[in-house]
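Content type compact mmCIF, C-alpha atoms, from the file final.txt:
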```txt
# COMPACT_ATOMS: atom_id res chain seq x y z
CA MET X 14 0.00 0.00 0.00
CA ALA X 15 1.22 3.49 -0.80
CA ALA X 16 2.59 5.10 2.34
CA ILE X 17 1.38 8.54 1.43
CA THR X 18 -1.67 9.72 -0.48
CA ASN X 19 -2.47 13.38 -0.94
CA GLY X 20 0.14 14.20 1.65
CA ILE X 21 -1.52 12.35 4.55
CA PRO X 22 0.71 9.52 5.81
CA GLU X 23 -0.80 6.08 6.40
CA LYS X 24 -0.03 6.26 10.13
CA THR X 25 -1.94 9.53 10.44
CA ILE X 26 -4.96 7.93 8.75
CA GLU X 27 -4.80 5.13 11.33
CA ARG X 28 -4.62 7.59 14.18
CA LEU X 29 -7.47 9.73 12.81
CA SER X 30 -9.64 6.62 12.80
CA GLU X 31 -8.61 5.95 16.40
CA TYR X 32 -9.17 9.55 17.51
CA ARG X 33 -12.62 9.51 15.98
CA ARG X 34 -13.53 6.38 17.91
CA THR X 35 -12.45 8.00 21.16
CA LEU X 36 -14.28 11.21 20.26
CA LEU X 37 -17.48 9.30 19.46
CA ALA X 38 -17.29 7.54 22.84
CA SER X 39 -16.64 10.88 24.58
CA HIS X 40 -19.53 12.50 22.75
CA LYS X 41 -21.82 9.68 23.90
CA GLN X 42 -20.80 10.43 27.48
CA GLY X 43 -21.79 14.06 27.05
CA ILE X 44 -18.24 15.43 26.80
CA THR X 45 -18.25 18.53 24.57
CA HIS X 46 -14.57 19.54 24.61
CA ILE X 47 -11.29 17.67 24.83
CA PHE X 48 -7.69 18.86 25.17
CA SER X 49 -5.02 17.53 22.83
CA HIS X 50 -3.04 16.17 25.79
CA VAL X 51 -6.10 14.24 27.03
CA LEU X 52 -6.67 12.72 23.59
CA ALA X 53 -2.94 11.98 23.46
CA GLY X 54 -2.95 10.32 26.88
CA ILE X 55 -5.80 7.99 25.91
CA HIS X 56 -3.85 6.86 22.85
CA GLY X 57 -0.48 6.64 24.57
CA ILE X 58 1.16 9.29 22.36
CA THR X 59 2.28 12.90 22.78
CA ALA X 60 0.07 15.98 22.48
CA VAL X 61 2.48 17.23 19.82
CA GLN X 62 1.66 14.19 17.70
CA VAL X 63 -2.08 14.80 18.03
CA ARG X 64 -1.73 18.46 17.08
CA ARG X 65 0.54 17.57 14.15
CA ASP X 66 -1.98 15.01 12.84
CA LEU X 67 -4.84 17.50 13.06
CA MET X 68 -2.76 20.23 11.45
CA LEU X 69 -2.08 17.86 8.56
CA ILE X 70 -5.79 17.71 7.84
CA GLY X 71 -6.14 21.47 8.30
CA PHE X 72 -7.88 21.42 11.67
CA SER X 73 -6.65 24.03 14.08
CA SER X 74 -9.57 25.26 16.14
CA ASP X 75 -7.94 24.54 19.46
CA THR X 76 -9.47 26.83 22.06
CA LYS X 77 -8.95 27.38 25.77
CA LYS X 78 -11.53 24.67 26.32
CA GLY X 79 -9.77 22.27 23.96
CA TYR X 80 -11.17 20.83 20.74
CA ASP X 81 -14.92 20.90 20.15
CA VAL X 82 -15.66 17.16 20.12
CA GLN X 83 -18.57 17.23 17.69
CA VAL X 84 -16.87 19.59 15.23
CA LEU X 85 -13.73 17.46 15.25
CA ILE X 86 -15.74 14.26 14.66
CA GLU X 87 -17.37 15.87 11.63
CA TYR X 88 -14.05 17.15 10.38
CA ILE X 89 -12.31 13.76 10.62
CA SER X 90 -15.32 12.06 9.05
CA ARG X 91 -15.09 14.34 6.02
CA ILE X 92 -11.51 13.14 5.56
CA LEU X 93 -12.03 9.43 6.20
CA ASP X 94 -15.49 8.65 4.89
CA SER X 95 -16.62 8.42 1.33
CA GLU X 96 -19.86 10.18 0.44
CA THR X 97 -21.68 6.95 -0.32
CA PRO X 98 -21.53 4.01 2.11
CA MET X 99 -19.20 1.17 1.10
CA ASN X 100 -20.42 -2.40 1.31
CA ILE X 101 -18.01 -5.01 2.59
CA ALA X 102 -18.14 -8.79 2.24
CA VAL X 103 -16.46 -11.31 4.50
CA LEU X 104 -14.85 -14.21 2.63
CA GLY X 105 -14.75 -17.08 5.10
CA MET X 106 -17.39 -17.06 7.84
CA GLY X 107 -15.52 -19.07 10.46
CA HIS X 108 -14.70 -17.79 13.94
CA LEU X 109 -12.66 -14.88 12.63
CA GLY X 110 -15.23 -13.84 10.02
CA GLN X 111 -17.99 -13.97 12.60
CA ALA X 112 -15.93 -12.08 15.17
CA ILE X 113 -15.21 -9.29 12.69
CA THR X 114 -18.82 -9.05 11.53
CA LYS X 115 -20.30 -8.97 15.00
CA TYR X 116 -17.75 -6.50 16.22
CA PHE X 117 -17.85 -4.19 13.25
CA ASN X 118 -21.54 -3.97 12.48
CA GLY X 119 -22.45 -2.84 15.97
CA LYS X 120 -20.59 0.42 15.48
CA GLY X 121 -22.99 2.41 13.32
CA LEU X 122 -20.26 3.41 10.88
CA LYS X 123 -20.49 4.34 7.23
CA LEU X 124 -18.76 1.07 6.38
CA LYS X 125 -21.01 -1.96 6.64
CA ILE X 126 -20.42 -5.67 6.27
CA THR X 127 -23.43 -6.65 4.20
CA ALA X 128 -22.64 -10.18 3.00
CA ALA X 129 -20.58 -13.26 3.78
CA PHE X 130 -19.30 -16.01 1.49
CA ASP X 131 -18.29 -19.52 2.46
CA ILE X 132 -18.43 -23.06 1.07
CA ASP X 133 -19.64 -24.79 4.23
CA PRO X 134 -23.15 -26.19 3.54
CA GLU X 135 -24.07 -25.46 7.16
CA LYS X 136 -23.46 -21.76 6.57
CA VAL X 137 -24.43 -21.14 2.94
CA GLY X 138 -28.04 -19.95 2.60
CA ARG X 139 -28.26 -18.94 6.24
CA THR X 140 -28.23 -15.55 7.92
CA ILE X 141 -25.34 -15.31 10.38
CA ASP X 142 -24.96 -12.37 12.75
CA GLY X 143 -27.56 -10.52 10.73
CA ILE X 144 -25.96 -10.89 7.30
CA PRO X 145 -26.70 -13.41 4.54
CA CYS X 146 -24.11 -16.05 3.74
CA TYR X 147 -23.76 -17.07 0.07
CA HIS X 148 -21.74 -19.76 -1.66
CA MET X 149 -18.29 -18.58 -2.72
CA ASP X 150 -18.98 -19.86 -6.24
CA THR X 151 -21.54 -17.08 -6.65
CA PHE X 152 -19.20 -14.33 -5.46
CA GLU X 153 -18.53 -12.60 -8.78
CA THR X 154 -22.18 -12.19 -9.72
CA LYS X 155 -23.33 -11.40 -6.18
CA ALA X 156 -20.62 -8.74 -5.81
CA GLU X 157 -22.17 -6.72 -8.60
CA GLU X 158 -25.73 -7.34 -7.47
CA LEU X 159 -24.92 -6.29 -3.89
CA ASP X 160 -22.63 -3.41 -4.87
CA LEU X 161 -19.69 -4.74 -2.84
CA SER X 162 -16.55 -2.63 -2.90
CA MET X 163 -14.37 -4.20 -0.21
CA VAL X 164 -13.68 -7.67 1.17
CA VAL X 165 -12.22 -9.08 4.36
CA VAL X 166 -10.33 -12.31 3.70
CA SER X 167 -10.81 -14.53 6.75
CA SER X 168 -10.70 -17.90 5.01
CA PRO X 169 -8.25 -20.66 5.90
CA THR X 170 -4.77 -19.58 4.79
CA LYS X 171 -4.42 -22.28 2.14
CA VAL X 172 -7.64 -21.14 0.45
CA ALA X 173 -6.61 -17.46 0.26
CA PRO X 174 -4.59 -17.55 -3.02
CA SER X 175 -7.58 -19.02 -4.87
CA LEU X 176 -9.64 -15.96 -3.90
CA VAL X 177 -7.44 -13.45 -5.71
CA LEU X 178 -8.90 -13.98 -9.17
CA PRO X 179 -12.55 -13.85 -8.09
CA ILE X 180 -11.79 -10.67 -6.13
CA ILE X 181 -10.23 -9.05 -9.21
CA ASN X 182 -13.03 -10.24 -11.51
CA ALA X 183 -15.68 -8.95 -9.13
CA GLY X 184 -14.29 -5.42 -9.34
CA ILE X 185 -13.44 -5.26 -5.64
CA ARG X 186 -11.35 -2.21 -4.76
CA GLY X 187 -10.08 -2.83 -1.25
CA VAL X 188 -8.90 -6.01 0.49
CA LEU X 189 -8.13 -6.60 4.15
CA ASN X 190 -6.36 -9.95 4.35
CA PHE X 191 -6.04 -11.68 7.73
CA THR X 192 -4.59 -14.94 6.47
CA SER X 193 -0.93 -15.95 6.59
CA THR X 194 -0.43 -15.72 2.84
CA PRO X 195 0.33 -12.23 1.59
CA LEU X 196 -1.95 -11.50 -1.37
CA ASN X 197 -0.90 -9.32 -4.29
CA PHE X 198 -3.28 -7.46 -6.55
CA PRO X 199 -2.93 -5.30 -9.65
CA GLN X 200 -2.62 -1.56 -9.21
CA GLY X 201 -5.91 0.08 -8.36
CA ILE X 202 -6.82 -2.51 -5.73
CA VAL X 203 -5.79 -1.50 -2.22
CA VAL X 204 -4.60 -4.39 -0.07
CA GLU X 205 -3.60 -4.60 3.58
CA ASN X 206 -2.12 -7.90 4.71
CA TYR X 207 -2.56 -8.31 8.46
CA ASP X 208 -1.28 -11.52 9.86
CA ILE X 209 -2.06 -11.90 13.56
CA THR X 210 1.10 -14.00 13.94
CA THR X 211 3.18 -10.97 12.96
CA LEU X 212 1.54 -8.84 15.61
CA LEU X 213 2.18 -11.41 18.33
CA GLU X 214 5.76 -11.98 17.20
CA LYS X 215 6.37 -8.24 17.24
CA VAL X 216 5.10 -7.84 20.80
CA ALA X 217 7.20 -10.85 21.87
CA TYR X 218 10.29 -9.33 20.26
CA PHE X 219 9.91 -6.04 22.13
CA VAL X 220 9.27 -7.90 25.39
CA LYS X 221 12.50 -9.83 24.83
CA GLU X 222 14.43 -6.68 23.92
CA GLY X 223 13.12 -4.98 27.06
CA ASP X 224 14.61 -7.86 29.05
CA ASN X 225 17.95 -7.57 27.31
CA ASN X 226 18.11 -3.84 27.87
CA ASN X 227 17.21 -4.04 31.54
CA GLY X 228 18.96 -7.20 32.61
CA MET U 7 5.37 1.24 21.67
CA ALA U 8 8.90 2.46 21.01
CA ALA U 9 9.46 2.75 17.28
CA ILE U 10 13.06 1.65 17.45
CA THR U 11 14.84 -0.78 19.75
CA ASN U 12 18.48 -1.63 19.34
CA GLY U 13 18.44 0.06 15.97
CA ILE U 14 15.88 -2.26 14.36
CA PRO U 15 12.74 -0.35 13.37
CA GLU U 16 9.34 -1.75 14.28
CA LYS U 17 8.37 -2.11 10.61
CA THR U 18 11.48 -4.20 9.94
CA ILE U 19 10.54 -6.51 12.82
CA GLU U 20 7.11 -6.95 11.25
CA ARG U 21 8.61 -7.75 7.86
CA LEU U 22 11.15 -10.19 9.34
CA SER U 23 8.25 -12.09 10.89
CA GLU U 24 6.52 -12.10 7.50
CA TYR U 25 9.66 -13.17 5.60
CA ARG U 26 10.17 -16.03 8.02
CA ARG U 27 6.65 -17.28 7.45
CA THR U 28 7.19 -17.27 3.69
CA LEU U 29 10.60 -18.94 4.12
CA LEU U 30 9.12 -21.65 6.32
CA ALA U 31 6.43 -22.34 3.71
CA SER U 32 9.09 -22.41 0.95
CA HIS U 33 11.27 -24.75 3.00
CA LYS U 34 8.32 -27.09 3.45
CA GLN U 35 7.92 -27.20 -0.33
CA GLY U 36 11.58 -28.22 -0.72
CA ILE U 37 12.82 -24.84 -1.92
CA THR U 38 16.45 -24.36 -0.78
CA HIS U 39 17.26 -20.91 -2.18
CA ILE U 40 15.30 -17.74 -2.81
CA PHE U 41 16.23 -14.47 -4.52
CA SER U 42 15.57 -11.16 -2.78
CA HIS U 43 13.33 -10.06 -5.65
CA VAL U 44 11.23 -13.22 -5.32
CA LEU U 45 10.82 -12.70 -1.60
CA ALA U 46 10.02 -9.05 -2.34
CA GLY U 47 7.43 -9.98 -4.98
CA ILE U 48 5.58 -12.30 -2.58
CA HIS U 49 5.34 -9.49 -0.04
CA GLY U 50 4.49 -6.74 -2.52
CA ILE U 51 7.61 -4.68 -1.74
CA THR U 52 10.90 -3.93 -3.52
CA ALA U 53 14.02 -6.13 -3.48
CA VAL U 54 15.92 -3.10 -2.15
CA GLN U 55 13.66 -3.11 0.92
CA VAL U 56 14.26 -6.82 1.53
CA ARG U 57 18.03 -6.41 1.24
CA ARG U 58 17.97 -3.35 3.49
CA ASP U 59 16.00 -5.23 6.18
CA LEU U 60 18.41 -8.18 6.08
CA MET U 61 21.43 -5.87 6.15
CA LEU U 62 19.98 -4.24 9.27
CA ILE U 63 20.17 -7.59 11.05
CA GLY U 64 23.64 -8.25 9.64
CA PHE U 65 22.65 -10.89 7.11
CA SER U 66 24.42 -10.55 3.79
CA SER U 67 25.08 -14.02 2.42
CA ASP U 68 23.36 -13.38 -0.87
CA THR U 69 24.83 -15.73 -3.49
CA LYS U 70 24.23 -16.34 -7.18
CA LYS U 71 21.56 -18.80 -6.14
CA GLY U 72 19.91 -16.29 -3.81
CA TYR U 73 19.53 -16.62 -0.03
CA ASP U 74 19.89 -20.04 1.58
CA VAL U 75 16.36 -20.53 2.92
CA GLN U 76 17.26 -22.61 5.96
CA VAL U 77 20.16 -20.41 7.01
CA LEU U 78 18.02 -17.29 6.69
CA ILE U 79 15.21 -18.87 8.76
CA GLU U 80 17.70 -19.63 11.52
CA TYR U 81 19.18 -16.17 11.31
CA ILE U 82 15.82 -14.40 11.57
CA SER U 83 14.76 -16.72 14.38
CA ARG U 84 17.81 -15.75 16.41
CA ILE U 85 16.68 -12.13 16.13
CA LEU U 86 12.97 -12.61 16.77
CA ASP U 87 12.71 -15.51 19.20
CA SER U 88 13.57 -15.54 22.85
CA GLU U 89 15.61 -18.48 24.12
CA THR U 90 12.83 -19.79 26.27
CA PRO U 91 9.30 -20.18 24.88
CA MET U 92 6.80 -17.54 25.94
CA ASN U 93 3.36 -18.55 27.14
CA ILE U 94 0.41 -16.48 26.02
CA ALA U 95 -3.09 -16.27 27.48
CA VAL U 96 -6.21 -15.17 25.66
CA LEU U 97 -8.50 -12.93 27.73
CA GLY U 98 -11.97 -13.40 26.28
CA MET U 99 -12.66 -16.70 24.54
CA GLY U 100 -15.42 -15.56 22.18
CA HIS U 101 -15.23 -15.87 18.40
CA LEU U 102 -12.13 -13.71 18.15
CA GLY U 103 -10.30 -15.46 20.99
CA GLN U 104 -11.08 -18.85 19.48
CA ALA U 105 -10.09 -17.75 15.99
CA ILE U 106 -6.74 -16.49 17.22
CA THR U 107 -6.05 -19.61 19.27
CA LYS U 108 -6.96 -22.04 16.54
CA TYR U 109 -5.04 -20.12 13.96
CA PHE U 110 -1.96 -19.47 16.01
CA ASN U 111 -1.39 -22.79 17.73
CA GLY U 112 -1.29 -24.75 14.51
CA LYS U 113 1.90 -22.99 13.48
CA GLY U 114 4.51 -24.79 15.58
CA LEU U 115 6.06 -21.52 16.69
CA LYS U 116 8.04 -20.73 19.82
CA LEU U 117 5.13 -18.64 21.02
CA LYS U 118 2.22 -20.68 22.33
CA ILE U 119 -1.23 -19.80 23.56
CA THR U 120 -1.47 -22.01 26.62
CA ALA U 121 -4.50 -20.71 28.50
CA ALA U 122 -7.74 -18.80 28.09
CA PHE U 123 -9.73 -16.76 30.59
CA ASP U 124 -13.40 -15.88 30.44
CA ILE U 125 -16.37 -15.39 32.75
CA ASP U 126 -18.93 -17.36 30.73
CA PRO U 127 -19.95 -20.44 32.81
CA GLU U 128 -20.27 -22.42 29.57
CA LYS U 129 -16.58 -21.87 28.86
CA VAL U 130 -14.90 -21.78 32.26
CA GLY U 131 -13.56 -25.19 33.29
CA ARG U 132 -13.66 -26.54 29.74
CA THR U 133 -10.91 -27.16 27.22
CA ILE U 134 -11.50 -25.13 24.05
CA ASP U 135 -9.39 -25.62 20.95
CA GLY U 136 -6.95 -27.63 23.01
CA ILE U 137 -6.36 -25.09 25.77
CA PRO U 138 -7.91 -24.85 29.23
CA CYS U 139 -10.29 -22.00 29.97
CA TYR U 140 -10.19 -20.56 33.50
CA HIS U 141 -12.33 -17.97 35.26
CA MET U 142 -11.00 -14.42 34.86
CA ASP U 143 -11.16 -14.01 38.64
CA THR U 144 -8.29 -16.48 38.97
CA PHE U 145 -6.09 -14.74 36.40
CA GLU U 146 -3.49 -13.23 38.73
CA THR U 147 -2.71 -16.49 40.54
CA LYS U 148 -2.95 -18.65 37.42
CA ALA U 149 -0.61 -16.33 35.53
CA GLU U 150 2.19 -17.10 37.94
CA GLU U 151 1.38 -20.80 38.13
CA LEU U 152 1.31 -21.13 34.33
CA ASP U 153 4.27 -18.81 33.71
CA LEU U 154 2.31 -16.52 31.39
CA SER U 155 4.26 -13.63 29.92
CA MET U 156 1.90 -12.23 27.26
CA VAL U 157 -1.85 -11.77 26.80
CA VAL U 158 -4.18 -11.22 23.89
CA VAL U 159 -7.14 -9.04 24.86
CA SER U 160 -10.14 -10.25 22.87
CA SER U 161 -12.84 -9.45 25.39
CA PRO U 162 -15.82 -7.20 24.68
CA THR U 163 -14.57 -3.62 24.36
CA LYS U 164 -16.39 -2.38 27.44
CA VAL U 165 -14.69 -5.02 29.59
CA ALA U 166 -11.17 -4.20 28.41
CA PRO U 167 -10.35 -1.30 30.81
CA SER U 168 -11.11 -3.55 33.80
CA LEU U 169 -8.41 -5.98 32.64
CA VAL U 170 -5.55 -3.48 32.91
CA LEU U 171 -4.99 -3.85 36.66
CA PRO U 172 -5.08 -7.67 36.72
CA ILE U 173 -2.64 -7.68 33.77
CA ILE U 174 -0.24 -5.39 35.65
CA ASN U 175 -0.60 -7.33 38.91
CA ALA U 176 0.02 -10.63 37.16
CA GLY U 177 3.41 -9.44 35.92
CA ILE U 178 2.44 -9.72 32.24
CA ARG U 179 5.03 -8.14 29.95
CA GLY U 180 3.37 -7.92 26.55
CA VAL U 181 -0.22 -7.11 25.54
CA LEU U 182 -1.88 -7.39 22.15
CA ASN U 183 -5.20 -5.58 22.43
CA PHE U 184 -7.85 -6.15 19.75
CA THR U 185 -10.65 -4.21 21.41
CA SER U 186 -11.77 -0.69 20.53
CA THR U 187 -10.45 0.86 23.72
CA PRO U 188 -6.77 1.76 23.62
CA LEU U 189 -5.15 0.40 26.79
CA ASN U 190 -2.24 2.13 28.51
CA PHE U 191 0.28 0.39 30.73
CA PRO U 192 3.24 1.51 32.82
CA GLN U 193 6.68 1.46 31.24
CA GLY U 194 8.09 -2.03 30.97
CA ILE U 195 4.88 -3.51 29.59
CA VAL U 196 4.78 -3.61 25.79
CA VAL U 197 1.35 -2.93 24.32
CA GLU U 198 0.04 -3.01 20.77
CA ASN U 199 -3.48 -1.72 20.25
CA TYR U 200 -4.95 -3.22 17.09
CA ASP U 201 -8.47 -2.22 16.36
CA ILE U 202 -9.91 -4.02 13.34
CA THR U 203 -12.12 -0.99 12.67
CA THR U 204 -9.01 1.11 12.09
CA LEU U 205 -7.69 -1.34 9.52
CA LEU U 206 -10.97 -1.37 7.60
CA GLU U 207 -11.30 2.41 7.74
CA LYS U 208 -7.76 2.76 6.45
CA VAL U 209 -8.38 0.48 3.45
CA ALA U 210 -11.63 2.36 2.75
CA TYR U 211 -9.81 5.69 2.86
CA PHE U 212 -7.21 4.59 0.31
CA VAL U 213 -9.93 3.14 -1.93
CA LYS U 214 -11.71 6.50 -1.81
CA GLU U 215 -8.49 8.43 -2.46
CA GLY U 216 -7.73 6.16 -5.44
CA ASP U 217 -11.12 7.18 -6.84
CA ASN U 218 -10.44 10.87 -6.34
CA ASN U 219 -7.05 10.65 -7.98
CA ASN U 220 -8.28 8.72 -10.99
CA GLY U 221 -11.67 10.30 -11.53
```
Written as structure tokens, that's how I'd like the structure from this file.
Amino acid sequence: MAAITNGIPEKTIERLSEYRRTLLASHKQGITHIFSHVLAGIHGITAVQVRRDLMLIGFSSDTKKGYDVQVLIEYISRILDSETPMNIAVLGMGHLGQAITKYFNGKGLKLKITAAFDIDPEKVGRTIDGIPCYHMDTFETKAEELDLSMVVVSSPTKVAPSLVLPIINAGIRGVLNFTSTPLNFPQGIVVENYDITTLLEKVAYFVKEGDNNNG
Amino acid sequence: MAAITNGIPEKTIERLSEYRRTLLASHKQGITHIFSHVLAGIHGITAVQVRRDLMLIGFSSDTKKGYDVQVLIEYISRILDSETPMNIAVLGMGHLGQAITKYFNGKGLKLKITAAFDIDPEKVGRTIDGIPCYHMDTFETKAEELDLSMVVVSSPTKVAPSLVLPIINAGIRGVLNFTSTPLNFPQGIVVENYDITTLLEKVAYFVKEGDNNNG
């Protein structure tokens, strides 16, 4: 994935998404204003980083009372969200697929998981966690019918490579791949490969390094 | 999390973990040598990046036949792995906890998920996906007994903040948090907050930006 688009670094996009989630939770609790150092503290970063991120998107209405929570939510949303909602399909409705669906669809976001695909006869044709599950063989036609623009790949790892061609043929534009096989797509299709093993190995490495540095 | 430890950037650590997984799969298929550009192609990056990462860890035995797969696996493992295996516990054995356990423990890695904790009476006291599930109330004592050094937080988001103190008290050293609440810990405890919502929002943003740039 390109590290920078229109001058906003990938890491800033991640943090904007995280800030928004915190702001939405604060808003729900009736909090109207928040200081950059409070937002920073919640996310374990510095206030300078928060201010730099918001400056990058042209937001600078810091007052004595801090940022106006609602205004900032709207501002970040204009950056992150597309004008029309994007429909997402989950490819592989096992534990991971179900976890992601359940977790994600409760949030009331612009992004919605609207369909699942699997080959398990016990799942195909059923509604799971509120979304219909179709047979993977029908993916290319269903993708058009259901106006799908993104997929989450949560299939078994060995199945993942066989999904690349259907994803391309279906005109999918964004892929979030949780399997252990990195998937490559032609230009124009955004892909993020996120292997949970990598995340755990990274934490373990820094734990080990902490030991070496202290001991 | 500190971006750099001992001169190896966090992103390089992530890629080393990913290279190793590809190398292990190649080794299994009987492949003995691999060129940097092949490894790069699989991971969707440049050969220069691969060579730079391996140079950073002092590996430079590139030959006309490419890297020796087995030697490189051993080399990366010396960097990433600790000498003694680390035991990991999953806090919250719902769909996500089960997906992670099932997925991770099949890999034959040095890291092992050896216990789960939950409060659901239908799970506590049972063995799920090969690991015992204990009541969360017993976490602090069990952690010592079972020599746990890392946890995966896959509980409901609203429960997550209440897990911080038990995690600290139990002497846990690394935390991989998948809930929507960023968790902060005192220095000495490594934490990675990985919200799936952020990943999806990031992909969606770059899909949208691709549209704007092309249209």
Practice task
Rounded to one decimal place, report the atom CA of Ile58 of chain X-atom CA of Pro15 of chain U distance in Å.
Solution key: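 Taking atom CA of Ile58 of chain X as the start and atom CA of Pro15 of chain U as the end point, the length is 17.5 Å.
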Give me, as an MDAnalysis selection string, the contact residues of chain X against chain U at a cut-off of 8 Å, counting all atoms listed in the file.
chainID X and resid 18:19 23 26:27 30:31 34:35 55:57 93:95 99 107:109 111:113 117 124 163 186:189 193:197 201:205 209:223
File of the preceding selection, C-alpha atoms, as an mmCIF file, in the coordinates of the input:
```cif
data_model
loop_
_atom_site.group_PDB
_atom_site.id
_atom_site.type_symbol
_atom_site.label_atom_id
_atom_site.label_comp_id
_atom_site.auth_asym_id
_atom_site.auth_seq_id
_atom_site.Cartn_x
_atom_site.Cartn_y
_atom_site.Cartn_z
ATOM 1 C CA THR X 18 -1.670 9.720 -0.480
ATOM 2 C CA ASN X 19 -2.470 13.380 -0.940
ATOM 3 C CA GLU X 23 -0.800 6.080 6.400
ATOM 4 C CA ILE X 26 -4.960 7.930 8.750
ATOM 5 C CA GLU X 27 -4.800 5.130 11.330
ATOM 6 C CA SER X 30 -9.640 6.620 12.800
ATOM 7 C CA GLU X 31 -8.610 5.950 16.400
ATOM 8 C CA ARG X 34 -13.530 6.380 17.910
ATOM 9 C CA THR X 35 -12.450 8.000 21.160
ATOM 10 C CA ILE X 55 -5.800 7.990 25.910
ATOM 11 C CA HIS X 56 -3.850 6.860 22.850
ATOM 12 C CA GLY X 57 -0.480 6.640 24.570
ATOM 13 C CA LEU X 93 -12.030 9.430 6.200
ATOM 14 C CA ASP X 94 -15.490 8.650 4.890
ATOM 15 C CA SER X 95 -16.620 8.420 1.330
ATOM 16 C CA MET X 99 -19.200 1.170 1.100
ATOM 17 C CA GLY X 107 -15.520 -19.070 10.460
ATOM 18 C CA HIS X 108 -14.700 -17.790 13.940
ATOM 19 C CA LEU X 109 -12.660 -14.880 12.630
ATOM 20 C CA GLN X 111 -17.990 -13.970 12.600
ATOM 21 C CA ALA X 112 -15.930 -12.080 15.170
ATOM 22 C CA ILE X 113 -15.210 -9.290 12.690
ATOM 23 C CA PHE X 117 -17.850 -4.190 13.250
ATOM 24 C CA LEU X 124 -18.760 1.070 6.380
ATOM 25 C CA MET X 163 -14.370 -4.200 -0.210
ATOM 26 C CA ARG X 186 -11.350 -2.210 -4.760
ATOM 27 C CA GLY X 187 -10.080 -2.830 -1.250
ATOM 28 C CA VAL X 188 -8.900 -6.010 0.490
ATOM 29 C CA LEU X 189 -8.130 -6.600 4.150
ATOM 30 C CA SER X 193 -0.930 -15.950 6.590
ATOM 31 C CA THR X 194 -0.430 -15.720 2.840
ATOM 32 C CA PRO X 195 0.330 -12.230 1.590
ATOM 33 C CA LEU X 196 -1.950 -11.500 -1.370
ATOM 34 C CA ASN X 197 -0.900 -9.320 -4.290
ATOM 35 C CA GLY X 201 -5.910 0.080 -8.360
ATOM 36 C CA ILE X 202 -6.820 -2.510 -5.730
ATOM 37 C CA VAL X 203 -5.790 -1.500 -2.220
ATOM 38 C CA VAL X 204 -4.600 -4.390 -0.070
ATOM 39 C CA GLU X 205 -3.600 -4.600 3.580
ATOM 40 C CA ILE X 209 -2.060 -11.900 13.560
ATOM 41 C CA THR X 210 1.100 -14.000 13.940
ATOM 42 C CA THR X 211 3.180 -10.970 12.960
ATOM 43 C CA LEU X 212 1.540 -8.840 15.610
ATOM 44 C CA LEU X 213 2.180 -11.410 18.330
ATOM 45 C CA GLU X 214 5.760 -11.980 17.200
ATOM 46 C CA LYS X 215 6.370 -8.240 17.240
ATOM 47 C CA VAL X 216 5.100 -7.840 20.800
ATOM 48 C CA ALA X 217 7.200 -10.850 21.870
ATOM 49 C CA TYR X 218 10.290 -9.330 20.260
ATOM 50 C CA PHE X 219 9.910 -6.040 22.130
ATOM 51 C CA VAL X 220 9.270 -7.900 25.390
ATOM 52 C CA LYS X 221 12.500 -9.830 24.830
ATOM 53 C CA GLU X 222 14.430 -6.680 23.920
ATOM 54 C CA GLY X 223 13.120 -4.980 27.060
#
```
Just to confirm, what's the straight-line distance from atom CA of Val177 of chain X to atom CA of His33 of chain U in Å (one decimal)?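 Separation between atom CA of Val177 of chain X and atom CA of His33 of chain U: 23.5 Å.
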Within 10 Å of file point (-10.4, 27.4, 28.9), counting all atoms listed in the file, expressed as a list in words |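 Here is the list of nearby residues: His46, Phe48, Thr76, Lys77, Lys78 and Gly79 of chain X.
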Point-to-point distance from atom CA of Ile180 of chain X to atom CA of Thr97 of chain X, Å rounded to tenths
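Taking atom CA of Ile180 of chain X as the start and atom CA of Thr97 of chain X as the end point, the length is 21.0 Å.
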Of the candidates X:Ile86, X:Gly71, X:Arg65, X:Asp142, which shows the shortest atom-to-atom distance to Lys41 of chain X, using all atoms listed in the file?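 So, comparing all the options, the nearest one is X:Ile86.
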field: Closest of X:Ala60, X:Leu176, X:Val84, X:Ala129 to Phe72 of chain X - atom-to-atom distances counting only C-alpha atoms
entry: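 Residue with the minimum atom-to-atom distance to Phe72 of chain X: X:Val84.
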Ser175 of chain X proximity check over X:Leu104, X:Val137, X:Ala128, X:Leu67, using all atoms listed in the file: winner is X:Leu104
Excluding Glu157 of chain X and residues on its chain fewer than 4 positions from it, collect all residues at most 8 Å away from it, counting only C-alpha atoms, and give them as a list of chain:residue names.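 Surrounding residues, per the criterion: X:Glu153, X:Leu161, X:Ala183.
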Centre and edge lengths, as JSON, for the axis-aligned box enclosing every listed atom of segment 54-73 of chain X with 3 Å of padding on each of the six sides, in Å to one decimal?
```
{"center_x": -2.7, "center_y": 15.3, "center_z": 17.4, "size_x": 16.4, "size_y": 23.4, "size_z": 25.0}
```
